[in-house]
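Engineer: You'll find my_file07.pdb just under this line, and it carries PDB, C-alpha atoms.
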```pdb
ATOM      1  CA  MET A 963     116.998  34.870 121.711
ATOM      2  CA  SER A 964     119.658  32.598 123.302
ATOM      3  CA  ASP A 965     118.801  29.279 125.001
ATOM      4  CA  MET A 966     119.814  30.805 128.371
ATOM      5  CA  ALA A 967     117.516  33.829 127.880
ATOM      6  CA  ALA A 968     114.651  31.559 126.865
ATOM      7  CA  SER A 969     115.111  29.325 129.904
ATOM      8  CA  THR A 970     115.046  32.261 132.359
ATOM      9  CA  ARG A 971     111.923  33.851 130.867
ATOM     10  CA  THR A 972     109.068  33.949 133.397
ATOM     11  CA  PRO A 973     106.015  31.978 132.236
ATOM     12  CA  ARG A 974     102.784  33.955 132.042
ATOM     13  CA  ALA A 975     100.623  33.326 135.082
ATOM     14  CA  LYS A 976      97.213  31.783 134.391
ATOM     15  CA  VAL A 977      94.220  33.535 135.939
ATOM     16  CA  GLN A 978      92.806  31.359 138.711
ATOM     17  CA  ARG A 979      89.015  31.429 138.326
ATOM     18  CA  ARG A 980      86.816  31.320 141.429
ATOM     19  CA  PRO A 981      83.108  31.134 142.313
ATOM     20  CA  VAL A 982      81.580  34.627 142.328
ATOM     21  CA  HIS A 983      77.844  35.178 142.911
ATOM     22  CA  GLY A 984      75.902  38.392 142.487
ATOM     23  CA  VAL A 985      75.115  41.290 140.156
ATOM     24  CA  LEU A 986      77.463  44.081 139.148
ATOM     25  CA  LEU A 987      75.958  47.247 137.670
ATOM     26  CA  LEU A 988      78.326  48.468 134.971
ATOM     27  CA  ASP A 989      78.195  51.838 133.254
ATOM     28  CA  LYS A 990      79.072  50.399 129.856
ATOM     29  CA  PRO A 991      81.543  52.541 127.910
ATOM     30  CA  LEU A 992      81.078  53.684 124.327
ATOM     31  CA  GLY A 993      82.402  51.342 121.646
ATOM     32  CA  LEU A 994      82.319  48.033 123.518
ATOM     33  CA  SER A 995      79.734  45.355 122.849
ATOM     34  CA  SER A 996      77.862  44.025 125.884
ATOM     35  CA  ASN A 997      79.793  40.758 125.643
ATOM     36  CA  GLN A 998      83.172  42.512 125.439
ATOM     37  CA  ALA A 999      82.289  44.507 128.573
ATOM     38  CA  LEU A1000      81.136  41.325 130.314
ATOM     39  CA  GLN A1001      84.362  39.474 129.506
ATOM     40  CA  LYS A1002      86.502  42.349 130.850
ATOM     41  CA  VAL A1003      84.590  42.419 134.160
ATOM     42  CA  LYS A1004      84.616  38.613 134.373
ATOM     43  CA  TRP A1005      88.406  38.723 134.043
ATOM     44  CA  LEU A1006      88.723  41.464 136.695
ATOM     45  CA  LEU A1007      86.623  39.443 139.158
ATOM     46  CA  ARG A1008      88.242  36.124 138.125
ATOM     47  CA  ALA A1009      84.688  34.772 137.967
ATOM     48  CA  GLU A1010      83.934  31.244 136.781
ATOM     49  CA  LYS A1011      80.491  31.932 135.306
ATOM     50  CA  ALA A1012      78.961  35.138 133.939
ATOM     51  CA  GLY A1013      76.150  36.471 131.763
ATOM     52  CA  HIS A1014      74.239  39.693 131.090
ATOM     53  CA  THR A1015      70.552  40.640 131.137
ATOM     54  CA  GLY A1016      70.192  41.718 127.509
ATOM     55  CA  THR A1017      72.475  43.533 125.117
ATOM     56  CA  LEU A1018      73.255  47.212 124.792
ATOM     57  CA  ASP A1019      74.526  48.469 121.408
ATOM     58  CA  PRO A1020      78.257  49.370 121.136
ATOM     59  CA  LEU A1021      77.037  52.913 120.325
ATOM     60  CA  ALA A1022      75.154  53.051 123.643
ATOM     61  CA  THR A1023      76.500  53.696 127.140
ATOM     62  CA  GLY A1024      74.904  53.253 130.539
ATOM     63  CA  VAL A1025      73.294  50.664 132.777
ATOM     64  CA  LEU A1026      74.329  47.088 132.003
ATOM     65  CA  PRO A1027      73.569  44.597 134.814
ATOM     66  CA  LEU A1028      76.131  41.773 134.737
ATOM     67  CA  CYS A1029      75.255  38.484 136.435
ATOM     68  CA  PHE A1030      77.762  36.137 138.051
ATOM     69  CA  GLY A1031      77.404  32.580 139.321
ATOM     70  CA  ALA A1032      73.955  31.860 140.771
ATOM     71  CA  ALA A1033      72.644  35.218 139.491
ATOM     72  CA  THR A1034      72.834  33.930 135.891
ATOM     73  CA  LYS A1035      69.881  31.634 136.723
ATOM     74  CA  PHE A1036      67.611  34.672 137.044
ATOM     75  CA  SER A1037      69.019  36.953 134.325
ATOM     76  CA  GLN A1038      66.213  36.058 131.881
ATOM     77  CA  LEU A1039      63.648  37.559 134.273
ATOM     78  CA  HIS A1040      65.179  40.973 133.693
ATOM     79  CA  LEU A1041      64.670  40.891 129.919
ATOM     80  CA  ASP A1042      61.029  41.913 130.459
ATOM     81  CA  ALA A1043      61.943  45.037 132.465
ATOM     82  CA  ASP A1044      61.039  48.534 131.279
ATOM     83  CA  LYS A1045      64.006  50.707 130.265
ATOM     84  CA  THR A1046      64.733  54.458 130.231
ATOM     85  CA  TYR A1047      67.100  56.050 127.730
ATOM     86  CA  GLU A1048      68.448  59.517 127.027
ATOM     87  CA  THR A1049      69.131  59.964 123.341
ATOM     88  CA  THR A1050      70.061  62.614 120.800
ATOM     89  CA  VAL A1051      68.395  62.550 117.370
ATOM     90  CA  ARG A1052      70.411  64.398 114.728
ATOM     91  CA  LEU A1053      67.876  65.886 112.343
ATOM     92  CA  GLY A1054      68.277  66.251 108.572
ATOM     93  CA  LEU A1055      70.681  63.353 107.969
ATOM     94  CA  LYS A1056      69.450  59.801 107.456
ATOM     95  CA  THR A1057      71.964  56.924 107.680
ATOM     96  CA  THR A1058      72.030  53.275 106.630
ATOM     97  CA  THR A1059      72.028  52.062 110.241
ATOM     98  CA  ALA A1060      69.840  54.793 111.832
ATOM     99  CA  ASP A1061      72.822  55.749 114.011
ATOM    100  CA  ALA A1062      76.122  57.605 113.674
ATOM    101  CA  GLU A1063      78.021  54.479 112.547
ATOM    102  CA  GLY A1064      76.179  54.243 109.237
ATOM    103  CA  GLU A1065      76.708  56.079 105.943
ATOM    104  CA  VAL A1066      74.582  59.127 105.164
ATOM    105  CA  ILE A1067      71.988  58.160 102.551
ATOM    106  CA  SER A1068      69.880  61.342 102.460
ATOM    107  CA  LYS A1069      70.142  64.956 103.529
ATOM    108  CA  ARG A1070      67.077  67.181 103.917
ATOM    109  CA  PRO A1071      66.470  70.654 105.315
ATOM    110  CA  VAL A1072      64.904  70.946 108.783
ATOM    111  CA  THR A1073      61.833  73.151 108.440
ATOM    112  CA  CYS A1074      59.639  71.929 111.305
ATOM    113  CA  THR A1075      58.442  74.219 114.093
ATOM    114  CA  VAL A1076      58.476  73.760 117.863
ATOM    115  CA  GLY A1077      54.724  73.126 117.741
ATOM    116  CA  GLN A1078      55.173  70.376 115.155
ATOM    117  CA  VAL A1079      57.846  68.704 117.311
ATOM    118  CA  VAL A1080      55.513  68.652 120.331
ATOM    119  CA  GLU A1081      52.633  67.297 118.225
ATOM    120  CA  VAL A1082      54.784  64.536 116.700
ATOM    121  CA  LEU A1083      56.201  63.454 120.079
ATOM    122  CA  ASP A1084      52.641  63.167 121.437
ATOM    123  CA  ARG A1085      51.828  60.915 118.486
ATOM    124  CA  PHE A1086      54.530  58.438 119.558
ATOM    125  CA  MET A1087      53.283  58.084 123.142
ATOM    126  CA  GLY A1088      51.579  54.863 124.303
ATOM    127  CA  PRO A1089      51.322  51.616 122.303
ATOM    128  CA  ILE A1090      52.973  51.909 118.890
ATOM    129  CA  ALA A1091      53.980  49.543 116.081
ATOM    130  CA  GLN A1092      57.677  49.342 115.192
ATOM    131  CA  VAL A1093      59.327  47.637 112.247
ATOM    132  CA  PRO A1094      62.660  46.230 113.573
ATOM    133  CA  PRO A1095      65.722  47.776 111.897
ATOM    134  CA  MET A1096      67.745  45.766 109.401
ATOM    135  CA  TYR A1097      70.839  46.424 111.513
ATOM    136  CA  SER A1098      69.671  44.368 114.495
ATOM    137  CA  ALA A1099      70.319  40.931 115.997
ATOM    138  CA  LEU A1100      66.731  39.821 115.410
ATOM    139  CA  LYS A1101      66.697  36.598 113.395
ATOM    140  CA  LYS A1102      64.908  35.778 110.158
ATOM    141  CA  ASP A1103      65.118  32.166 108.917
ATOM    142  CA  GLY A1104      67.874  31.482 111.448
ATOM    143  CA  LYS A1105      70.031  34.391 110.301
ATOM    144  CA  ALA A1106      70.508  37.756 112.071
ATOM    145  CA  LEU A1107      69.021  40.720 110.217
ATOM    146  CA  TYR A1108      72.347  42.577 110.288
ATOM    147  CA  GLU A1109      73.893  39.728 108.257
ATOM    148  CA  TYR A1110      71.375  40.357 105.464
ATOM    149  CA  ALA A1111      71.977  44.118 105.767
ATOM    150  CA  ARG A1112      75.752  43.753 105.466
ATOM    151  CA  ALA A1113      75.224  41.700 102.311
ATOM    152  CA  GLY A1114      73.128  44.540 100.891
ATOM    153  CA  GLU A1115      69.825  42.680 101.279
ATOM    154  CA  THR A1116      66.597  43.987 102.770
ATOM    155  CA  VAL A1117      64.107  41.402 104.040
ATOM    156  CA  GLU A1118      60.482  41.733 105.073
ATOM    157  CA  ARG A1119      60.012  42.365 108.801
ATOM    158  CA  GLU A1120      56.752  42.275 110.690
ATOM    159  CA  ALA A1121      55.849  45.289 112.816
ATOM    160  CA  ARG A1122      55.942  44.623 116.567
ATOM    161  CA  GLN A1123      53.871  46.244 119.283
ATOM    162  CA  VAL A1124      55.836  48.148 121.941
ATOM    163  CA  VAL A1125      54.807  50.747 124.501
ATOM    164  CA  ILE A1126      56.327  54.205 124.989
ATOM    165  CA  HIS A1127      55.425  55.017 128.591
ATOM    166  CA  ASP A1128      57.002  58.466 128.609
ATOM    167  CA  LEU A1129      58.655  60.675 125.993
ATOM    168  CA  GLU A1130      60.190  63.870 127.336
ATOM    169  CA  LEU A1131      61.844  66.603 125.278
ATOM    170  CA  LEU A1132      65.011  67.595 127.183
ATOM    171  CA  GLU A1133      66.594  69.945 124.641
ATOM    172  CA  MET A1134      65.983  71.088 121.078
ATOM    173  CA  GLN A1135      67.776  72.956 118.314
ATOM    174  CA  LEU A1136      65.999  73.312 114.995
ATOM    175  CA  GLU A1137      68.400  75.743 113.321
ATOM    176  CA  GLY A1138      72.135  75.853 112.621
ATOM    177  CA  GLU A1139      74.486  73.309 111.112
ATOM    178  CA  ALA A1140      73.538  70.402 113.393
ATOM    179  CA  PRO A1141      69.859  70.540 114.417
ATOM    180  CA  PHE A1142      68.831  67.947 117.017
ATOM    181  CA  LEU A1143      66.326  66.761 119.595
ATOM    182  CA  ARG A1144      67.452  65.380 122.950
ATOM    183  CA  LEU A1145      64.881  63.008 124.402
ATOM    184  CA  ARG A1146      64.285  60.910 127.507
ATOM    185  CA  VAL A1147      62.347  57.741 126.646
ATOM    186  CA  THR A1148      60.800  55.224 129.039
ATOM    187  CA  CYS A1149      59.660  52.159 127.125
ATOM    188  CA  SER A1150      58.700  48.505 127.236
ATOM    189  CA  LYS A1151      61.007  45.613 126.385
ATOM    190  CA  GLY A1152      61.774  45.142 122.696
ATOM    191  CA  THR A1153      61.714  48.859 121.844
ATOM    192  CA  TYR A1154      64.345  49.929 119.300
ATOM    193  CA  ILE A1155      65.375  53.483 120.181
ATOM    194  CA  ARG A1156      67.180  53.828 116.844
ATOM    195  CA  THR A1157      63.914  53.068 115.050
ATOM    196  CA  LEU A1158      61.971  55.411 117.339
ATOM    197  CA  GLY A1159      64.398  58.278 116.641
ATOM    198  CA  GLU A1160      64.361  57.617 112.905
ATOM    199  CA  ASP A1161      60.541  57.418 112.825
ATOM    200  CA  ILE A1162      60.158  60.679 114.782
ATOM    201  CA  ALA A1163      62.574  62.464 112.430
ATOM    202  CA  GLU A1164      60.716  61.046 109.421
ATOM    203  CA  ALA A1165      57.381  62.273 110.830
ATOM    204  CA  LEU A1166      58.962  65.751 111.093
ATOM    205  CA  GLY A1167      59.678  65.619 107.355
ATOM    206  CA  CYS A1168      63.468  65.855 107.573
ATOM    207  CA  GLY A1169      64.717  62.388 108.482
ATOM    208  CA  GLY A1170      67.451  61.791 111.021
ATOM    209  CA  HIS A1171      69.541  59.326 113.013
ATOM    210  CA  LEU A1172      70.694  58.732 116.584
ATOM    211  CA  SER A1173      73.956  60.470 117.393
ATOM    212  CA  ALA A1174      74.033  59.422 121.077
ATOM    213  CA  LEU A1175      72.272  56.865 123.272
ATOM    214  CA  ARG A1176      72.547  56.298 127.023
ATOM    215  CA  ARG A1177      70.516  53.867 129.124
ATOM    216  CA  VAL A1178      69.877  55.503 132.486
ATOM    217  CA  VAL A1179      67.423  53.019 134.039
ATOM    218  CA  THR A1180      66.682  49.336 133.511
ATOM    219  CA  GLY A1181      64.118  47.722 135.783
ATOM    220  CA  PRO A1182      65.006  48.727 139.368
ATOM    221  CA  PHE A1183      68.597  49.696 138.483
ATOM    222  CA  GLU A1184      69.749  53.282 137.846
ATOM    223  CA  VAL A1185      72.921  54.658 136.303
ATOM    224  CA  SER A1186      73.824  56.402 139.594
ATOM    225  CA  GLU A1187      74.376  52.917 141.095
ATOM    226  CA  CYS A1188      76.784  51.851 138.344
ATOM    227  CA  VAL A1189      80.561  51.644 138.323
ATOM    228  CA  THR A1190      82.679  52.424 135.263
ATOM    229  CA  LEU A1191      85.131  49.934 133.785
ATOM    230  CA  GLU A1192      87.928  52.426 134.442
ATOM    231  CA  ASP A1193      87.074  52.727 138.163
ATOM    232  CA  LEU A1194      86.620  48.974 138.507
ATOM    233  CA  SER A1195      90.053  48.373 136.955
ATOM    234  CA  ALA A1196      91.650  50.732 139.492
ATOM    235  CA  MET A1197      90.180  48.814 142.467
ATOM    236  CA  ASP A1198      91.724  45.888 144.294
ATOM    237  CA  GLU A1199      89.857  42.576 144.353
ATOM    238  CA  PRO A1200      87.982  43.085 147.695
ATOM    239  CA  GLN A1201      86.784  46.495 146.465
ATOM    240  CA  ARG A1202      85.562  44.969 143.207
ATOM    241  CA  GLU A1203      83.754  42.226 145.096
ATOM    242  CA  ALA A1204      82.146  44.845 147.353
ATOM    243  CA  ARG A1205      80.446  46.295 144.243
ATOM    244  CA  LEU A1206      78.476  43.071 143.787
ATOM    245  CA  MET A1207      74.800  43.201 144.707
ATOM    246  CA  PRO A1208      73.146  40.043 146.113
ATOM    247  CA  VAL A1209      71.445  37.601 143.743
ATOM    248  CA  GLN A1210      67.990  38.490 145.112
ATOM    249  CA  CYS A1211      68.259  42.030 143.700
ATOM    250  CA  LEU A1212      67.048  40.421 140.443
ATOM    251  CA  LEU A1213      63.785  39.455 142.174
ATOM    252  CA  PRO A1214      62.423  42.817 143.417
ATOM    253  CA  ASP A1215      58.813  42.100 142.461
ATOM    254  CA  HIS A1216      58.783  38.622 144.029
ATOM    255  CA  THR A1217      56.932  37.932 147.267
ATOM    256  CA  THR A1218      59.208  36.458 149.956
ATOM    257  CA  VAL A1219      58.505  33.062 151.517
ATOM    258  CA  THR A1220      60.780  31.759 154.277
ATOM    259  CA  LEU A1221      61.103  28.025 155.015
ATOM    260  CA  ASP A1222      62.465  26.200 158.078
ATOM    261  CA  SER A1223      65.470  23.874 157.783
ATOM    262  CA  GLU A1224      63.529  20.696 157.002
ATOM    263  CA  ASN A1225      61.317  22.297 154.350
ATOM    264  CA  SER A1226      64.314  24.170 152.897
ATOM    265  CA  GLY A1227      66.108  20.888 152.214
ATOM    266  CA  ARG A1228      63.069  19.342 150.564
ATOM    267  CA  PHE A1229      62.419  22.467 148.473
ATOM    268  CA  LEU A1230      66.041  22.464 147.254
ATOM    269  CA  SER A1231      65.495  18.853 146.142
ATOM    270  CA  GLY A1232      62.681  20.093 143.904
ATOM    271  CA  VAL A1233      59.858  18.847 146.169
ATOM    272  CA  ARG A1234      56.714  20.957 146.442
ATOM    273  CA  ARG A1235      55.821  22.268 149.897
ATOM    274  CA  ARG A1236      52.332  22.822 151.272
ATOM    275  CA  GLY A1237      51.432  25.900 153.312
ATOM    276  CA  ASN A1238      48.875  28.571 154.020
ATOM    277  CA  TRP A1239      49.927  30.784 151.100
ATOM    278  CA  PRO A1240      47.703  32.620 148.630
ATOM    279  CA  ASP A1241      48.193  31.959 144.911
ATOM    280  CA  LEU A1242      51.298  33.851 143.792
ATOM    281  CA  ASP A1243      52.992  33.987 140.382
ATOM    282  CA  ARG A1244      56.382  35.210 141.594
ATOM    283  CA  VAL A1245      57.968  34.055 144.838
ATOM    284  CA  SER A1246      61.534  34.280 146.154
ATOM    285  CA  VAL A1247      62.178  31.495 148.646
ATOM    286  CA  PHE A1248      64.616  31.878 151.542
ATOM    287  CA  GLY A1249      65.877  29.477 154.161
ATOM    288  CA  GLU A1250      65.399  30.443 157.803
ATOM    289  CA  ASN A1251      68.566  29.006 159.300
ATOM    290  CA  PRO A1252      70.939  29.891 157.790
ATOM    291  CA  PRO A1253      69.227  32.846 156.079
ATOM    292  CA  ALA A1254      69.889  32.400 152.361
ATOM    293  CA  LEU A1255      68.140  32.630 149.004
ATOM    294  CA  LEU A1256      67.119  29.143 147.857
ATOM    295  CA  GLY A1257      65.475  30.015 144.546
ATOM    296  CA  SER A1258      62.294  31.140 142.852
ATOM    297  CA  ALA A1259      58.856  29.533 142.860
ATOM    298  CA  HIS A1260      55.136  30.107 142.419
ATOM    299  CA  VAL A1261      52.201  29.172 144.640
ATOM    300  CA  LYS A1262      49.075  27.452 143.380
ATOM    301  CA  ALA A1263      46.329  25.945 145.567
ATOM    302  CA  GLY A1264      48.529  26.146 148.664
ATOM    303  CA  GLU A1265      51.516  24.445 147.026
ATOM    304  CA  LEU A1266      54.901  26.113 146.747
ATOM    305  CA  ILE A1267      56.186  24.906 143.365
ATOM    306  CA  PRO A1268      59.966  25.228 142.763
ATOM    307  CA  GLY A1269      61.238  27.242 139.787
ATOM    308  CA  ARG A1270      64.929  28.102 139.392
ATOM    309  CA  LEU A1271      66.935  26.709 142.326
ATOM    310  CA  LEU A1272      70.384  27.439 143.714
ATOM    311  CA  SER A1273      72.567  24.436 144.426
ATOM    312  CA  PRO A1274      73.633  23.679 148.028
ATOM    313  CA  LEU A1275      77.229  24.433 146.960
ATOM    314  CA  GLU A1276      76.247  27.867 145.598
ATOM    315  CA  ILE A1277      74.416  28.657 148.837
ATOM    316  CA  GLN A1278      77.468  27.643 150.885
ATOM    317  CA  GLN A1279      79.745  29.812 148.750
ATOM    318  CA  ILE A1280      77.415  32.832 149.075
ATOM    319  CA  LEU A1281      77.109  32.438 152.858
ATOM    320  CA  LYS A1282      80.873  32.090 153.206
ATOM    321  CA  ARG A1283      81.452  35.436 151.496
ATOM    322  CA  SER A1284      78.338  37.208 152.838
ATOM    323  CA  PRO A1285      77.281  35.804 156.223
ATOM    324  CA  VAL A1286      74.410  38.306 156.413
ATOM    325  CA  ASN A1287      72.148  37.395 153.503
ATOM    326  CA  GLN A1288      68.702  38.255 154.843
ATOM    327  CA  PRO A1289      65.986  39.032 152.265
ATOM    328  CA  ALA A1290      65.716  42.821 152.061
ATOM    329  CA  LEU A1291      62.414  42.770 150.203
ATOM    330  CA  ALA A1292      59.206  44.568 151.071
ATOM    331  CA  LYS A1293      56.586  41.955 150.188
ATOM    332  CA  GLN A1294      56.211  39.052 152.624
ATOM    333  CA  ALA A1295      53.743  36.232 152.105
TER     334      ALA A1295
END
```
Would you write the structure of this file as structure tokens?
Structural biologist:
Amino acid sequence: MSDMAASTRTPRAKVQRRPVHGVLLLDKPLGLSSNQALQKVKWLLRAEKAGHTGTLDPLATGVLPLCFGAATKFSQLHLDADKTYETTVRLGLKTTTADAEGEVISKRPVTCTVGQVVEVLDRFMGPIAQVPPMYSALKKDGKALYEYARAGETVEREARQVVIHDLELLEMQLEGEAPFLRLRVTCSKGTYIRTLGEDIAEALGCGGHLSALRRVVTGPFEVSECVTLEDLSAMDEPQREARLMPVQCLLPDHTTVTLDSENSGRFLSGVRRRGNWPDLDRVSVFGENPPALLGSAHVKAGELIPGRLLSPLEIQQILKRSPVNQPALAKQA
């Protein structure tokens, strides 16, 4: 390239980050890690700060709540939420990873009956013990299990108690070249659906692996509320911002307490407030004028004790972009 051509080349514009606050419900596409999906949306929104509420495997699609700005302060609360998945268990083929990405390590005929399938599914309802899979991010001696697995090592893992609230058989094919079960699973936090599918297939005597996994509900959020990465990319910036839900959507089971201006200022400084409140474990605290989320708290012996707090700057930024920020929550203290 000549000196003249080099001098006239347009420099690449740097993305100007900005404060963005709220939650975006993404329908995560197949093949992307949760962090890759987060970084793409963060770039599209030009957001300064972002995080997610727990990972979803690259193999899985579906509901992935992404938190921006002040919402990242409450993302940990969502880790405890129950989840619902729709999954397909391919019967007869067992893989190294318990999903379609692994190598087939055993092949067995599928000889179970419809009655046996129903009986086995009933057996997996309620509290169950699960041994975490080797291909998982769970750590052992400071090292992720999948690192051991990739090195060809298998380490001892303790079984963990999880709860399967509901296990529905959506579709079934026990004959043909690719026998499968399609299931809808509602479960507690920490449940490995890959392990559940593998254990069910093992109990049927044929082994198996997950060939598809989609999260359709997490906590209060459903897949029908989500936007795809493709649709989000096609939007302009105001349309993308309009997809953001308010920070308080992460606090649906919190009782609302509203404070006047003087008490709001003291609460935001981390000072406990006294009032005629019953003992409450989970409280979302709002200011009265202007109406805005101030943070979370709990009440003990008539004292409102601050938890995670928004900064005055964050509150100003939220009010500037969303003047109407009233708490739309059912429970009021």
Engineer: Leaving out Thr1073 (chain A) and any residue of its chain fewer than 3 positions from it, which residues lie within 8 Å of it when counting only C-alpha atoms, given as a PyMOL selection string?
Structural biologist: chain A and resi 1136+1167-1168
Engineer: Keeping only C-alpha atoms, take the residues you just selected and write them out as a short mmCIF file (atom, residue, chain, number, x, y, z; two decimals), in the frame of the given file.
Structural biologist:
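Once written, again_33.cif looks like this:
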```
data_model
loop_
_atom_site.label_atom_id
_atom_site.label_comp_id
_atom_site.auth_asym_id
_atom_site.auth_seq_id
_atom_site.Cartn_x
_atom_site.Cartn_y
_atom_site.Cartn_z
CA LEU A 1136 66.00 73.31 115.00
CA GLY A 1167 59.68 65.62 107.36
CA CYS A 1168 63.47 65.86 107.57
#
```
Engineer: Return the padded bounding box of region 1256-1269 of chain A as lines of an AutoDock Vina configuration file: axis-aligned, built from all atoms listed in the file, 5 Å added on each side, with centre and edge lengths in Å to one decimal.
Structural biologist:
```
center_x = 56.7
center_y = 27.8
center_z = 144.2
size_x = 30.8
size_y = 16.7
size_z = 18.9
```
Engineer: Written as a ChimeraX atom specification, which residues does the PyMOL selection byres ((chain A and resi 1100) around 12) give for the file shown?
Structural biologist: /A:1017,1093-1099,1101-1111,1117,1119-1120,1122,1152,1154
Engineer: My list of candidates is A:Gly1031, A:Gly1054, A:Gly1114, A:Gly1013. Which is closest to His1171 (chain A) when distances are computed with only C-alpha atoms?
Structural biologist: A:Gly1054
Engineer: Taking all atoms listed in the file into account, name the residue in A:Gln978, A:Thr1049, A:Gln1279, A:Gln998 that is nearest to Val1147 (chain A).
Structural biologist: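 Smallest distance to Val1147 (chain A) is found for A:Thr1049.
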Engineer: Can you pull out the residues contacting Leu1145 (chain A)? Cut-off 10 Å, using only C-alpha atoms, and skip same-chain residues under 3 positions away; I want them as a list of chain:residue names.
Structural biologist: A:Tyr1047, A:Glu1048, A:Thr1049, A:Thr1050, A:Val1051, A:Leu1083, A:Leu1129, A:Glu1130, A:Leu1131, A:Leu1132, A:Glu1133, A:Met1134, A:Phe1142, A:Thr1148, A:Gly1159, A:Leu1175
Engineer: If you keep C-alpha atoms, can you produce a file of those selected residues as a compact mmCIF listing (two decimals), in the frame of the given file?
Structural biologist:
```
# COMPACT_ATOMS: atom_id res chain seq x y z
CA TYR A 1047 67.10 56.05 127.73
CA GLU A 1048 68.45 59.52 127.03
CA THR A 1049 69.13 59.96 123.34
CA THR A 1050 70.06 62.61 120.80
CA VAL A 1051 68.40 62.55 117.37
CA LEU A 1083 56.20 63.45 120.08
CA LEU A 1129 58.66 60.68 125.99
CA GLU A 1130 60.19 63.87 127.34
CA LEU A 1131 61.84 66.60 125.28
CA LEU A 1132 65.01 67.60 127.18
CA GLU A 1133 66.59 69.94 124.64
CA MET A 1134 65.98 71.09 121.08
CA PHE A 1142 68.83 67.95 117.02
CA THR A 1148 60.80 55.22 129.04
CA GLY A 1159 64.40 58.28 116.64
CA LEU A 1175 72.27 56.86 123.27
```
Engineer: What's the separation between CA of Val1025 (chain A) and CA of Phe1183 (chain A), in Å to one decimal place?
Structural biologist: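 Computed distance, CA of Val1025 (chain A) to CA of Phe1183 (chain A), equals 7.5 Å.
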Engineer: One decimal, in Å: what's the spacing between CA of Leu1191 (chain A) and CA of Lys1282 (chain A)?
Structural biologist: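 Distance between the two atoms: 26.7 Å.
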Engineer: At a cut-off of 12 Å, using all atoms listed in the file, what residues contact Leu992 (chain A)? Leave out same-chain residues fewer than 6 positions from it and give the result as a PyMOL selection string.
Structural biologist: chain A and resi 998-999+1018-1025+1174-1177+1190-1191
Engineer: Sorted by chain and rising residue number, list the residues of region 1040-1115 of chain A at most 12 Å from region 1203-1227 of chain A (counting all atoms listed in the file), each with its closest atom pair and distance in Å to one decimal, as CSV.
Structural biologist:
```
residue,atom,partner,partner_atom,distance
A:His1040,CA,A:Leu1212,CA,7.0
A:Leu1041,CA,A:Leu1212,CA,10.8
A:Asp1042,CA,A:Leu1212,CA,11.8
A:Ala1043,CA,A:Leu1212,CA,10.5
```
Engineer: Just to confirm, what's the straight-line distance from CA of Leu1271 (chain A) to CA of Gly1257 (chain A) in Å (one decimal)?
Structural biologist: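 One can read the CA of Leu1271 (chain A) to CA of Gly1257 (chain A) distance as 4.2 Å.
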Engineer: Set the distance at 10 Å and use all atoms listed in the file: which residues neighbour Lys1002 (chain A) once local chain neighbours fewer than 5 positions away are removed? I'd like the list as a ChimeraX atom specification.
Structural biologist: /A:997,1007-1008,1191,1195
Engineer: Set the distance at 9 Å and use all atoms listed in the file: which residues neighbour Ile1267 (chain A) once local chain neighbours fewer than 4 positions away are removed? I'd like the list as a ChimeraX atom specification.
Structural biologist: /A:1229,1232-1235,1258-1262
Engineer: Run the PyMOL selection byres ((chain A and resi 1164) around 12) mentally over the shown coordinates, then write out the matched residues as a PyMOL selection string, using the chain letters and numbers from the document.
Structural biologist: chain A and resi 1051-1056+1060+1068-1072+1074+1079+1082-1083+1157-1163+1165-1171
Engineer: Determine the nearest neighbour of Ser1150 (chain A) from the options A:Met1087, A:Leu1194, A:Leu1172, A:Val1189, counting all atoms listed in the file.
Structural biologist: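 Of A:Met1087, A:Leu1194, A:Leu1172, A:Val1189, the one nearest Ser1150 (chain A), counting all atoms listed in the file, is A:Met1087.
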Engineer: Using all atoms listed in the file, which of the listed residues (A:Glu1276, A:Glu1187, A:Glu1010, A:Glu1250) sits closest to Asp989 (chain A)?
Structural biologist: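 The shortest atom-to-atom distance to Asp989 (chain A) comes from A:Glu1187.
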